[in-house]
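coords_39.tsv follows; it contains TSV, C-alpha atoms.
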chain	number	residue	atom	x	y	z
A	1	MET	CA	74.85	-38.66	74.27
A	2	SER	CA	78.45	-39.89	74.09
A	3	SER	CA	77.47	-43.00	72.09
A	4	TYR	CA	75.64	-40.77	69.59
A	5	LEU	CA	78.75	-38.62	69.12
A	6	LYS	CA	80.88	-41.70	68.63
A	7	GLU	CA	78.45	-42.89	65.96
A	8	LEU	CA	78.89	-39.59	64.09
A	9	GLU	CA	82.68	-39.72	64.20
A	10	LYS	CA	82.82	-42.39	61.50
A	11	TYR	CA	81.10	-40.02	59.02
A	12	ARG	CA	83.53	-37.15	59.62
A	13	ASP	CA	86.14	-38.19	57.04
A	14	ILE	CA	83.70	-39.25	54.29
A	15	ASP	CA	84.29	-37.61	50.91
A	16	GLU	CA	80.90	-36.40	49.61
A	17	ASP	CA	82.27	-35.70	46.14
A	18	GLU	CA	83.36	-39.29	45.67
A	19	ILE	CA	79.92	-40.53	46.70
A	20	LEU	CA	78.20	-38.16	44.27
A	21	LYS	CA	80.42	-39.35	41.41
A	22	THR	CA	79.30	-42.92	41.94
A	23	LEU	CA	75.54	-42.05	41.77
A	24	SER	CA	73.55	-42.64	38.61
A	25	PRO	CA	71.51	-39.85	36.92
A	26	GLU	CA	68.29	-41.30	38.35
A	27	GLU	CA	69.69	-41.31	41.85
A	28	LEU	CA	70.97	-37.75	41.47
A	29	GLU	CA	67.52	-36.61	40.33
A	30	GLN	CA	65.90	-38.32	43.29
A	31	LEU	CA	68.42	-36.71	45.65
A	32	ASP	CA	67.69	-33.30	44.14
A	33	CYS	CA	63.98	-33.75	44.79
A	34	GLU	CA	64.63	-34.70	48.39
A	35	LEU	CA	66.79	-31.63	48.99
A	36	GLN	CA	64.22	-29.16	47.69
A	37	GLU	CA	62.77	-27.10	50.54
A	38	MET	CA	58.99	-26.93	50.13
A	39	ASP	CA	56.34	-25.58	52.49
A	40	PRO	CA	52.89	-26.90	51.51
A	41	GLU	CA	51.14	-25.07	54.39
A	42	ASN	CA	52.53	-21.61	53.66
A	43	MET	CA	49.54	-19.64	52.31
A	44	LEU	CA	51.80	-16.72	51.31
A	45	LEU	CA	53.53	-18.76	48.60
A	46	PRO	CA	51.96	-19.36	45.19
A	47	ALA	CA	50.51	-22.83	44.67
A	48	GLY	CA	53.31	-23.75	42.27
A	49	LEU	CA	56.01	-23.12	44.92
A	50	ARG	CA	54.42	-25.08	47.79
A	51	GLN	CA	55.30	-28.48	46.33
A	52	ARG	CA	57.71	-29.85	43.77
A	53	ASP	CA	56.69	-30.45	40.18
A	54	GLN	CA	56.18	-34.20	39.73
A	55	THR	CA	54.66	-34.03	36.24
A	56	LYS	CA	56.66	-35.86	33.57
A	57	LYS	CA	54.18	-35.22	30.75
A	58	SER	CA	54.85	-32.30	28.45
A	59	PRO	CA	52.10	-29.61	28.28
A	60	THR	CA	49.48	-30.17	25.56
A	61	GLY	CA	48.45	-26.52	25.16
A	62	PRO	CA	46.72	-23.67	26.96
A	63	LEU	CA	43.89	-24.32	29.42
A	64	ASP	CA	40.45	-24.76	27.83
A	65	ARG	CA	37.96	-24.39	30.66
A	66	GLU	CA	34.87	-25.35	28.66
A	67	ALA	CA	36.49	-28.52	27.35
A	68	LEU	CA	37.63	-29.44	30.84
A	69	LEU	CA	34.12	-29.00	32.24
A	70	GLN	CA	32.62	-31.09	29.45
A	71	TYR	CA	35.16	-33.84	30.07
A	72	LEU	CA	34.46	-33.88	33.82
A	73	GLU	CA	30.70	-33.92	33.22
A	74	GLN	CA	30.98	-36.77	30.72
A	75	GLN	CA	33.23	-38.72	33.04
A	76	ALA	CA	30.76	-38.26	35.91
A	77	LEU	CA	27.88	-39.53	33.74
A	78	GLU	CA	29.81	-42.61	32.68
A	79	VAL	CA	30.59	-43.71	36.21
A	80	LYS	CA	28.11	-46.33	37.34
A	81	GLU	CA	26.20	-45.47	40.47
A	82	ARG	CA	26.70	-47.66	43.49
A	83	ASP	CA	23.88	-50.09	44.19
A	84	ASP	CA	21.94	-49.70	47.41
A	85	LEU	CA	22.64	-52.29	50.07
A	86	VAL	CA	18.90	-52.63	50.57
A	87	PRO	CA	16.96	-51.80	47.39
A	88	PHE	CA	13.97	-49.49	47.76
A	89	THR	CA	10.67	-51.20	46.93
A	90	GLY	CA	8.16	-48.68	48.28
A	91	GLU	CA	6.72	-51.17	50.74
A	92	LYS	CA	5.25	-49.64	53.90
A	93	LYS	CA	6.04	-51.49	57.07
A	94	GLY	CA	4.36	-51.17	60.41
A	95	LYS	CA	0.99	-49.76	61.35
A	96	PRO	CA	0.01	-46.09	60.99
A	97	TYR	CA	-0.24	-44.13	64.21
A	98	ILE	CA	-3.78	-43.50	65.42
A	99	GLN	CA	-4.15	-40.97	68.16
A	100	PRO	CA	-6.11	-42.44	71.04
A	101	LYS	CA	-9.30	-40.73	72.02
A	102	ARG	CA	-9.07	-38.81	75.26
A	103	GLU	CA	-11.83	-39.41	77.71
A	104	ILE	CA	-13.10	-36.23	79.32
A	105	PRO	CA	-13.01	-36.44	83.10
A	106	VAL	CA	-16.25	-36.11	84.98
A	107	GLU	CA	-15.23	-32.85	86.61
A	108	GLU	CA	-14.57	-31.30	83.15
A	109	GLN	CA	-17.80	-32.40	81.56
A	110	VAL	CA	-20.30	-29.60	81.05
A	111	THR	CA	-24.00	-30.34	80.86
A	112	LEU	CA	-26.17	-27.75	79.15
A	113	GLU	CA	-29.87	-27.39	78.93
A	114	PRO	CA	-31.54	-29.35	76.11
A	115	GLU	CA	-32.47	-26.12	74.27
A	116	LEU	CA	-28.85	-24.92	74.30
A	117	GLU	CA	-27.55	-28.33	73.26
A	118	GLU	CA	-29.90	-28.37	70.28
A	119	ALA	CA	-29.06	-24.76	69.32
A	120	LEU	CA	-25.31	-25.39	69.42
A	121	ALA	CA	-25.65	-28.65	67.52
A	122	HIS	CA	-27.29	-26.88	64.58
A	123	ALA	CA	-25.22	-23.66	64.74
A	124	THR	CA	-23.23	-22.67	61.69
A	125	ASP	CA	-19.52	-21.83	61.68
A	126	ALA	CA	-20.28	-18.11	61.51
A	127	GLU	CA	-22.55	-18.32	64.55
A	128	MET	CA	-19.97	-20.34	66.47
A	129	CYS	CA	-17.36	-17.70	65.62
A	130	ASP	CA	-19.57	-14.92	67.01
A	131	ILE	CA	-20.30	-16.93	70.16
A	132	ALA	CA	-16.57	-17.55	70.72
A	133	ALA	CA	-15.91	-13.81	70.35
A	134	ILE	CA	-18.63	-12.91	72.84
A	135	LEU	CA	-17.22	-15.43	75.34
A	136	GLY	CA	-13.76	-13.86	74.98
A	137	MET	CA	-12.07	-16.73	73.13
A	138	TYR	CA	-10.05	-14.37	70.94
A	139	THR	CA	-7.34	-16.96	70.30
A	140	LEU	CA	-9.68	-18.93	68.02
A	141	MET	CA	-10.07	-16.17	65.46
A	142	SER	CA	-8.32	-13.22	63.85
A	143	ASN	CA	-8.45	-9.72	65.26
A	144	LYS	CA	-10.82	-8.58	62.53
A	145	GLN	CA	-13.31	-11.36	63.30
A	146	TYR	CA	-13.12	-10.68	67.02
A	147	TYR	CA	-13.77	-6.94	66.81
A	148	ASP	CA	-16.47	-7.38	64.14
A	149	ALA	CA	-18.34	-9.75	66.44
A	150	ILE	CA	-17.98	-7.48	69.48
A	151	CYS	CA	-18.83	-4.17	67.80
A	152	SER	CA	-21.59	-5.35	65.47
A	153	GLY	CA	-25.02	-6.48	66.62
A	154	GLU	CA	-25.44	-8.86	63.71
A	155	ILE	CA	-23.61	-12.00	62.59
A	156	CYS	CA	-20.98	-10.66	60.21
A	157	ASN	CA	-18.36	-13.45	60.31
A	158	THR	CA	-19.54	-15.48	57.33
A	159	GLU	CA	-16.28	-17.41	56.98
A	160	GLY	CA	-16.30	-19.14	60.36
A	161	ILE	CA	-13.47	-20.02	62.69
A	162	SER	CA	-11.57	-21.89	59.94
A	163	SER	CA	-10.74	-18.55	58.32
A	164	VAL	CA	-8.18	-17.83	61.05
A	165	VAL	CA	-5.45	-19.23	58.79
A	166	GLN	CA	-6.38	-16.80	56.02
A	167	PRO	CA	-4.78	-13.35	56.09
A	168	ASP	CA	-6.96	-10.28	56.24
A	169	LYS	CA	-7.20	-8.34	53.02
A	170	TYR	CA	-6.16	-4.74	53.42
A	171	LYS	CA	-6.41	-1.99	50.91
A	172	PRO	CA	-3.04	-1.13	49.39
A	173	VAL	CA	-1.68	2.21	50.49
A	174	PRO	CA	-0.45	4.22	47.52
A	175	ASP	CA	2.93	5.90	47.61
A	176	GLU	CA	3.13	9.53	48.49
A	177	PRO	CA	3.06	11.82	45.46
A	178	PRO	CA	6.32	13.57	44.63
A	179	ASN	CA	6.97	16.95	46.16
A	180	PRO	CA	5.58	19.52	43.70
A	181	THR	CA	7.69	22.39	45.05
A	182	ASN	CA	9.49	24.42	42.39
A	183	ILE	CA	12.89	25.15	43.88
A	184	GLU	CA	13.72	28.04	41.57
A	185	GLU	CA	10.44	29.83	42.33
A	186	ILE	CA	10.90	29.27	46.06
A	187	LEU	CA	14.42	30.69	45.85
A	188	LYS	CA	13.13	33.81	44.07
A	189	SER	CA	10.34	34.27	46.62
A	190	VAL	CA	12.71	33.90	49.58
A	191	ARG	CA	15.17	36.35	48.04
A	192	SER	CA	12.42	38.92	47.43
A	193	ASN	CA	11.07	38.40	50.98
A	194	ASP	CA	7.61	37.50	49.71
A	195	LYS	CA	5.15	37.79	52.60
A	196	GLU	CA	2.93	35.01	51.20
A	197	VAL	CA	5.68	32.40	51.54
A	198	GLU	CA	5.72	31.31	55.18
A	199	GLU	CA	6.83	27.71	54.65
A	200	VAL	CA	9.67	26.22	52.62
A	201	ASN	CA	9.14	22.47	52.20
A	202	LEU	CA	11.77	20.62	50.15
A	203	ASN	CA	11.17	17.18	51.66
A	204	ASN	CA	12.10	14.08	49.61
A	205	ILE	CA	13.61	16.09	46.73
A	206	GLN	CA	16.93	14.29	46.34
A	207	ASP	CA	18.37	15.92	43.25
A	208	ILE	CA	18.78	19.47	44.56
A	209	PRO	CA	22.23	20.87	43.74
A	210	ILE	CA	24.35	21.81	46.73
A	211	ALA	CA	24.91	25.28	45.29
A	212	MET	CA	21.15	25.94	45.10
A	213	LEU	CA	20.61	24.82	48.70
A	214	THR	CA	23.47	27.04	49.80
A	215	GLU	CA	21.92	30.00	47.97
A	216	LEU	CA	18.58	29.27	49.62
A	217	CYS	CA	20.18	29.29	53.08
A	218	GLU	CA	21.96	32.52	52.15
A	219	ALA	CA	18.65	34.09	51.14
A	220	MET	CA	17.03	32.95	54.39
A	221	LYS	CA	19.44	35.12	56.39
A	222	THR	CA	17.52	38.30	55.51
A	223	ASN	CA	14.03	36.82	55.10
A	224	THR	CA	11.47	37.91	57.71
A	225	HIS	CA	8.34	35.97	56.67
A	226	VAL	CA	9.35	32.29	56.44
A	227	ARG	CA	8.37	30.49	59.64
A	228	SER	CA	9.09	26.84	58.69
A	229	PHE	CA	12.13	25.45	56.84
A	230	SER	CA	12.20	21.69	56.08
A	231	LEU	CA	14.97	19.73	54.33
A	232	VAL	CA	13.96	16.13	55.12
A	233	ALA	CA	15.56	13.40	52.95
A	234	THR	CA	17.32	15.76	50.56
A	235	ARG	CA	20.73	14.00	50.82
A	236	SER	CA	22.16	17.05	52.54
A	237	GLY	CA	25.60	16.76	54.11
A	238	ASP	CA	27.94	18.85	56.21
A	239	PRO	CA	28.22	21.72	53.67
A	240	ILE	CA	24.45	22.27	53.88
A	241	ALA	CA	24.58	21.93	57.68
A	242	ASN	CA	27.21	24.67	57.86
A	243	ALA	CA	25.07	26.88	55.60
A	244	VAL	CA	22.05	26.27	57.85
A	245	ALA	CA	24.16	27.17	60.89
A	246	ASP	CA	25.20	30.48	59.30
A	247	MET	CA	21.56	31.17	58.46
A	248	LEU	CA	20.44	30.57	62.07
A	249	ARG	CA	22.95	33.10	63.38
A	250	GLU	CA	21.38	35.93	61.34
A	251	ASN	CA	17.72	34.93	60.81
A	252	ARG	CA	15.28	36.28	63.41
A	253	SER	CA	11.93	35.00	62.10
A	254	LEU	CA	12.35	31.23	61.62
A	255	GLN	CA	10.42	29.12	64.14
A	256	SER	CA	10.71	25.54	62.83
A	257	LEU	CA	13.74	23.75	61.31
A	258	ASN	CA	13.67	20.12	60.16
A	259	ILE	CA	16.82	18.46	58.73
A	260	GLU	CA	16.02	14.81	59.50
A	261	SER	CA	16.98	11.77	57.38
A	262	ASN	CA	20.10	13.25	55.78
A	263	PHE	CA	23.85	12.55	55.60
A	264	ILE	CA	24.94	15.08	58.22
A	265	SER	CA	27.83	13.93	60.43
A	266	SER	CA	28.63	14.87	64.01
A	267	THR	CA	30.63	17.90	62.82
A	268	GLY	CA	27.68	19.34	60.92
A	269	LEU	CA	25.25	18.71	63.77
A	270	MET	CA	27.62	20.34	66.23
A	271	ALA	CA	27.75	23.46	64.02
A	272	VAL	CA	23.94	23.63	63.88
A	273	LEU	CA	23.62	23.21	67.66
A	274	LYS	CA	26.14	25.98	68.34
A	275	ALA	CA	24.21	28.30	66.01
A	276	VAL	CA	20.92	27.50	67.78
A	277	ARG	CA	22.32	29.10	70.93
A	278	GLU	CA	22.52	32.42	69.09
A	279	ASN	CA	18.93	32.20	67.81
A	280	ALA	CA	16.09	33.25	70.11
A	281	THR	CA	13.10	32.69	67.80
A	282	LEU	CA	13.48	29.00	66.95
A	283	THR	CA	10.85	26.88	68.77
A	284	GLU	CA	11.14	23.54	66.95
A	285	LEU	CA	14.26	21.63	65.88
A	286	ARG	CA	14.38	18.12	64.36
A	287	VAL	CA	17.72	16.43	63.56
A	288	ASP	CA	16.99	12.69	63.96
A	289	ASN	CA	17.70	9.75	61.61
A	290	GLN	CA	21.02	10.77	60.13
A	291	ARG	CA	23.14	8.31	58.16
A	292	GLN	CA	25.48	7.70	61.10
A	293	TRP	CA	25.17	8.02	64.87
A	294	PRO	CA	26.50	11.44	65.92
A	295	GLY	CA	28.16	10.23	69.13
A	296	ASP	CA	28.06	10.91	72.86
A	297	ALA	CA	29.57	14.40	72.58
A	298	VAL	CA	26.82	15.57	70.22
A	299	GLU	CA	24.08	14.13	72.44
A	300	MET	CA	25.55	15.94	75.46
A	301	GLU	CA	25.64	19.14	73.40
A	302	MET	CA	21.96	18.65	72.47
A	303	ALA	CA	20.99	18.41	76.13
A	304	THR	CA	23.05	21.50	76.94
A	305	VAL	CA	21.43	23.50	74.12
A	306	LEU	CA	17.95	22.56	75.32
A	307	GLU	CA	18.87	23.67	78.83
A	308	GLN	CA	20.28	27.00	77.64
A	309	CYS	CA	17.59	27.78	75.03
A	310	PRO	CA	14.16	28.11	76.72
A	311	SER	CA	12.55	29.06	73.40
A	312	ILE	CA	12.78	25.47	72.04
A	313	VAL	CA	9.63	23.56	73.03
A	314	ARG	CA	9.76	20.75	70.43
A	315	PHE	CA	12.89	18.71	69.72
A	316	GLY	CA	13.10	15.68	67.41
A	317	TYR	CA	15.87	13.22	68.24
A	318	HIS	CA	16.05	9.70	69.70
A	319	PHE	CA	18.74	9.67	72.40
A	320	THR	CA	20.78	6.49	72.87
A	321	GLN	CA	22.36	7.48	76.20
A	322	GLN	CA	20.40	7.71	79.44
A	323	GLY	CA	22.16	10.81	80.77
A	324	PRO	CA	21.47	13.17	77.84
A	325	ARG	CA	17.95	11.73	77.48
A	326	ALA	CA	17.04	12.56	81.07
A	327	ARG	CA	18.53	16.06	80.85
A	328	ALA	CA	16.73	16.76	77.57
A	329	ALA	CA	13.38	15.54	78.95
A	330	GLN	CA	13.74	17.75	82.00
A	331	ALA	CA	14.72	20.76	79.88
A	332	MET	CA	11.78	20.26	77.49
A	333	THR	CA	9.35	20.05	80.42
A	334	ARG	CA	10.74	23.29	81.82
A	335	ASN	CA	10.62	25.07	78.43
A	336	ASN	CA	6.99	24.08	77.83
A	337	GLU	CA	6.04	25.20	81.30
A	338	LEU	CA	7.68	28.58	80.70
A	339	ARG	CA	5.84	28.89	77.40
A	340	ARG	CA	2.52	28.09	79.12
A	341	GLN	CA	3.13	30.72	81.77
A	342	GLN	CA	3.97	33.31	79.10
A	343	LYS	CA	0.68	32.60	77.27
A	344	LYS	CA	-1.29	33.11	80.50
A	345	ARG	CA	0.21	36.56	80.92
Would you mind giving the structure from this file in structure tokens?
Amino acid sequence: MSSYLKELEKYRDIDEDEILKTLSPEELEQLDCELQEMDPENMLLPAGLRQRDQTKKSPTGPLDREALLQYLEQQALEVKERDDLVPFTGEKKGKPYIQPKREIPVEEQVTLEPELEEALAHATDAEMCDIAAILGMYTLMSNKQYYDAICSGEICNTEGISSVVQPDKYKPVPDEPPNPTNIEEILKSVRSNDKEVEEVNLNNIQDIPIAMLTELCEAMKTNTHVRSFSLVATRSGDPIANAVADMLRENRSLQSLNIESNFISSTGLMAVLKAVRENATLTELRVDNQRQWPGDAVEMEMATVLEQCPSIVRFGYHFTQQGPRARAAQAMTRNNELRRQQKKR
């Protein structure tokens, strides 16, 4: 360390200004480039500040992307491709692989009667397919061929075993027709407490205004004839869930409520579950398949509601936790048993 310090002592009295005066313009420019602090690996800096500008050519104009692409494409086409070290001639070398024939051991050889040998030798593919199905060789055919051969007394597999690679042709199932319910007429009937309207089904109607659904829930508070209320896939959210909760607190005739496949969050479901405790006539509640998982607290609340509400005998929800699932199953078994005992009386 001492020798290093002694080596530095001779540079202590050097006059930097005198040295700079003796440098040429080219040397000063080179020194300036060396003193610039650049950080090429800093991703936070713009690309122009990560390295020094080494371009001496003046700019020719603004960037023309199409011209640049054409130039690169033309340059790529003009470059001669590299010759292969070994040119391809298409000549095939070697012998093709021939799978050796496997000799069947004596213990695996099966000898049939001459009549059976002759019958199997002249059997068609369809007959062989039926025989394989009868013998239980279901892996050699499709499910349709297997069950047709088992259930039918005649040879119905006309395609043979080779048809296993062909898919079965099924009849296309048409889409369900749109819901024909007239919302305005239903709202008028519910408001007037029409005795002929016992079911309100608004499933799959996705353009219902929130105000109209809220008015419908408001009208359901005083209705005494509607037994089933279904709002499946109507894009209902928490405002509709709160309106349904207020309706359950006052309605005393509704027996079935279905609000599956909507956008109700845990807050809306919690409001509905709290309102179910105050309703003694509801026997069926379905709240599954919401846009987001409600959470552990809501599932625990569902199990508690089923335990405290013996009137509910049908509940639609797929539990994700083992604890609430077991409690709900036990509560549903108890509620159905109580309902059965009440019917016997």
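Rounded to one decimal, CA of Leu306 in chain A and CA of Thr214 in chain A lie 26.5 Å from each other.
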| message | Excluding Lys274 in chain A and its own-chain neighbours fewer than 5 positions away, which residues fall within 12 Å of it when counting only C-alpha atoms? Please give them as a list in words. | response | Ala241, Asn242, Val244, Ala245, Asp246, Leu248, Arg249, Thr267, Gly268, Leu269, Asn279, Val298, Glu301, Met302, Thr304, Val305, Leu306, Gln308 and Cys309 of chain A
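In this model, the gap between CA of Pro178 in chain A and CA of Val272 in chain A comes to 28.0 Å.
Taking CA of Ser228 in chain A and CA of Arg327 in chain A as the two end points, the separation is 26.4 Å.
Distances here use all atoms listed in the file; by that measure, the residue among A:His318, A:Arg291, A:Ser236, A:Ala303 closest to Met332 in chain A is A:Ala303.
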| request: Rank A:Thr224, A:Gln321, A:Asn42, A:Thr234 by their smallest atom-to-atom distance to Asp207 in chain A, using all atoms listed in the file, and report the top residue only. | output: A:Thr234
| Sel. within 10 Å of pt (19.5, 29.8, 50.0), counting all atoms listed in the file, output as an MDAnalysis selection string | chainID A and resid 186:188 190:191 210:221 240 243:244 247
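Considering all atoms listed in the file, the residue among A:Pro25, A:Glu9, A:Asn201, A:Tyr170 positioned nearest to Ile183 in chain A is A:Asn201.
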| said: Counting only C-alpha atoms, which residue out of A:Asn289, A:Thr333, A:Thr283, A:Gln54 sits closest to Ser311 in chain A? | reply: A:Thr283
Complete the atoms of range 168-191 of chain A to N, CA and C atoms and put them out as a PDB file, in the frame of the given file.
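Result went into out.pdb, see below:
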ATOM      1  N   ASP A 168      -5.982 -11.320  56.529  1.00  0.00           N
ATOM      2  CA  ASP A 168      -6.960 -10.280  56.240  1.00  0.00           C
ATOM      3  C   ASP A 168      -6.533  -9.479  55.024  1.00  0.00           C
ATOM      4  N   LYS A 169      -7.473  -9.112  54.222  1.00  0.00           N
ATOM      5  CA  LYS A 169      -7.200  -8.340  53.020  1.00  0.00           C
ATOM      6  C   LYS A 169      -7.290  -6.853  53.335  1.00  0.00           C
ATOM      7  N   TYR A 170      -6.217  -6.172  53.154  1.00  0.00           N
ATOM      8  CA  TYR A 170      -6.160  -4.740  53.420  1.00  0.00           C
ATOM      9  C   TYR A 170      -6.023  -3.991  52.088  1.00  0.00           C
ATOM     10  N   LYS A 171      -6.514  -2.811  52.112  1.00  0.00           N
ATOM     11  CA  LYS A 171      -6.410  -1.990  50.910  1.00  0.00           C
ATOM     12  C   LYS A 171      -4.970  -1.507  50.745  1.00  0.00           C
ATOM     13  N   PRO A 172      -4.416  -1.611  49.583  1.00  0.00           N
ATOM     14  CA  PRO A 172      -3.040  -1.130  49.390  1.00  0.00           C
ATOM     15  C   PRO A 172      -2.945   0.373  49.567  1.00  0.00           C
ATOM     16  N   VAL A 173      -1.902   0.786  50.247  1.00  0.00           N
ATOM     17  CA  VAL A 173      -1.680   2.210  50.490  1.00  0.00           C
ATOM     18  C   VAL A 173      -0.801   2.757  49.376  1.00  0.00           C
ATOM     19  N   PRO A 174      -1.275   3.699  48.622  1.00  0.00           N
ATOM     20  CA  PRO A 174      -0.450   4.220  47.520  1.00  0.00           C
ATOM     21  C   PRO A 174       0.723   5.033  48.042  1.00  0.00           C
ATOM     22  N   ASP A 175       1.761   5.100  47.242  1.00  0.00           N
ATOM     23  CA  ASP A 175       2.930   5.900  47.610  1.00  0.00           C
ATOM     24  C   ASP A 175       2.582   7.379  47.609  1.00  0.00           C
ATOM     25  N   GLU A 176       3.353   8.089  48.423  1.00  0.00           N
ATOM     26  CA  GLU A 176       3.130   9.530  48.490  1.00  0.00           C
ATOM     27  C   GLU A 176       3.501  10.173  47.146  1.00  0.00           C
ATOM     28  N   PRO A 177       2.719  11.142  46.725  1.00  0.00           N
ATOM     29  CA  PRO A 177       3.060  11.820  45.460  1.00  0.00           C
ATOM     30  C   PRO A 177       4.358  12.601  45.616  1.00  0.00           C
ATOM     31  N   PRO A 178       5.072  12.814  44.548  1.00  0.00           N
ATOM     32  CA  PRO A 178       6.320  13.570  44.630  1.00  0.00           C
ATOM     33  C   PRO A 178       6.072  15.010  45.072  1.00  0.00           C
ATOM     34  N   ASN A 179       7.078  15.580  45.672  1.00  0.00           N
ATOM     35  CA  ASN A 179       6.970  16.950  46.160  1.00  0.00           C
ATOM     36  C   ASN A 179       6.854  17.905  44.962  1.00  0.00           C
ATOM     37  N   PRO A 180       5.755  18.657  44.870  1.00  0.00           N
ATOM     38  CA  PRO A 180       5.580  19.520  43.700  1.00  0.00           C
ATOM     39  C   PRO A 180       6.282  20.878  43.809  1.00  0.00           C
ATOM     40  N   THR A 181       7.071  21.075  44.843  1.00  0.00           N
ATOM     41  CA  THR A 181       7.690  22.390  45.050  1.00  0.00           C
ATOM     42  C   THR A 181       8.672  22.712  43.936  1.00  0.00           C
ATOM     43  N   ASN A 182       8.548  23.914  43.392  1.00  0.00           N
ATOM     44  CA  ASN A 182       9.490  24.420  42.390  1.00  0.00           C
ATOM     45  C   ASN A 182      10.601  25.169  43.115  1.00  0.00           C
ATOM     46  N   ILE A 183      11.793  24.598  43.076  1.00  0.00           N
ATOM     47  CA  ILE A 183      12.890  25.150  43.880  1.00  0.00           C
ATOM     48  C   ILE A 183      13.289  26.538  43.388  1.00  0.00           C
ATOM     49  N   GLU A 184      13.306  26.736  42.100  1.00  0.00           N
ATOM     50  CA  GLU A 184      13.720  28.040  41.570  1.00  0.00           C
ATOM     51  C   GLU A 184      12.734  29.125  41.975  1.00  0.00           C
ATOM     52  N   GLU A 185      11.429  28.826  41.916  1.00  0.00           N
ATOM     53  CA  GLU A 185      10.440  29.830  42.330  1.00  0.00           C
ATOM     54  C   GLU A 185      10.529  30.111  43.822  1.00  0.00           C
ATOM     55  N   ILE A 186      10.754  29.062  44.614  1.00  0.00           N
ATOM     56  CA  ILE A 186      10.900  29.270  46.060  1.00  0.00           C
ATOM     57  C   ILE A 186      12.113  30.127  46.361  1.00  0.00           C
ATOM     58  N   LEU A 187      13.210  29.902  45.636  1.00  0.00           N
ATOM     59  CA  LEU A 187      14.420  30.690  45.850  1.00  0.00           C
ATOM     60  C   LEU A 187      14.168  32.160  45.519  1.00  0.00           C
ATOM     61  N   LYS A 188      13.445  32.424  44.429  1.00  0.00           N
ATOM     62  CA  LYS A 188      13.130  33.810  44.070  1.00  0.00           C
ATOM     63  C   LYS A 188      12.234  34.458  45.121  1.00  0.00           C
ATOM     64  N   SER A 189      11.249  33.710  45.621  1.00  0.00           N
ATOM     65  CA  SER A 189      10.340  34.270  46.620  1.00  0.00           C
ATOM     66  C   SER A 189      11.059  34.562  47.923  1.00  0.00           C
ATOM     67  N   VAL A 190      11.972  33.665  48.336  1.00  0.00           N
ATOM     68  CA  VAL A 190      12.710  33.900  49.580  1.00  0.00           C
ATOM     69  C   VAL A 190      13.651  35.085  49.420  1.00  0.00           C
ATOM     70  N   ARG A 191      14.272  35.221  48.268  1.00  0.00           N
ATOM     71  CA  ARG A 191      15.170  36.350  48.040  1.00  0.00           C
ATOM     72  C   ARG A 191      14.409  37.687  48.061  1.00  0.00           C
TER      73      ARG A 191
END
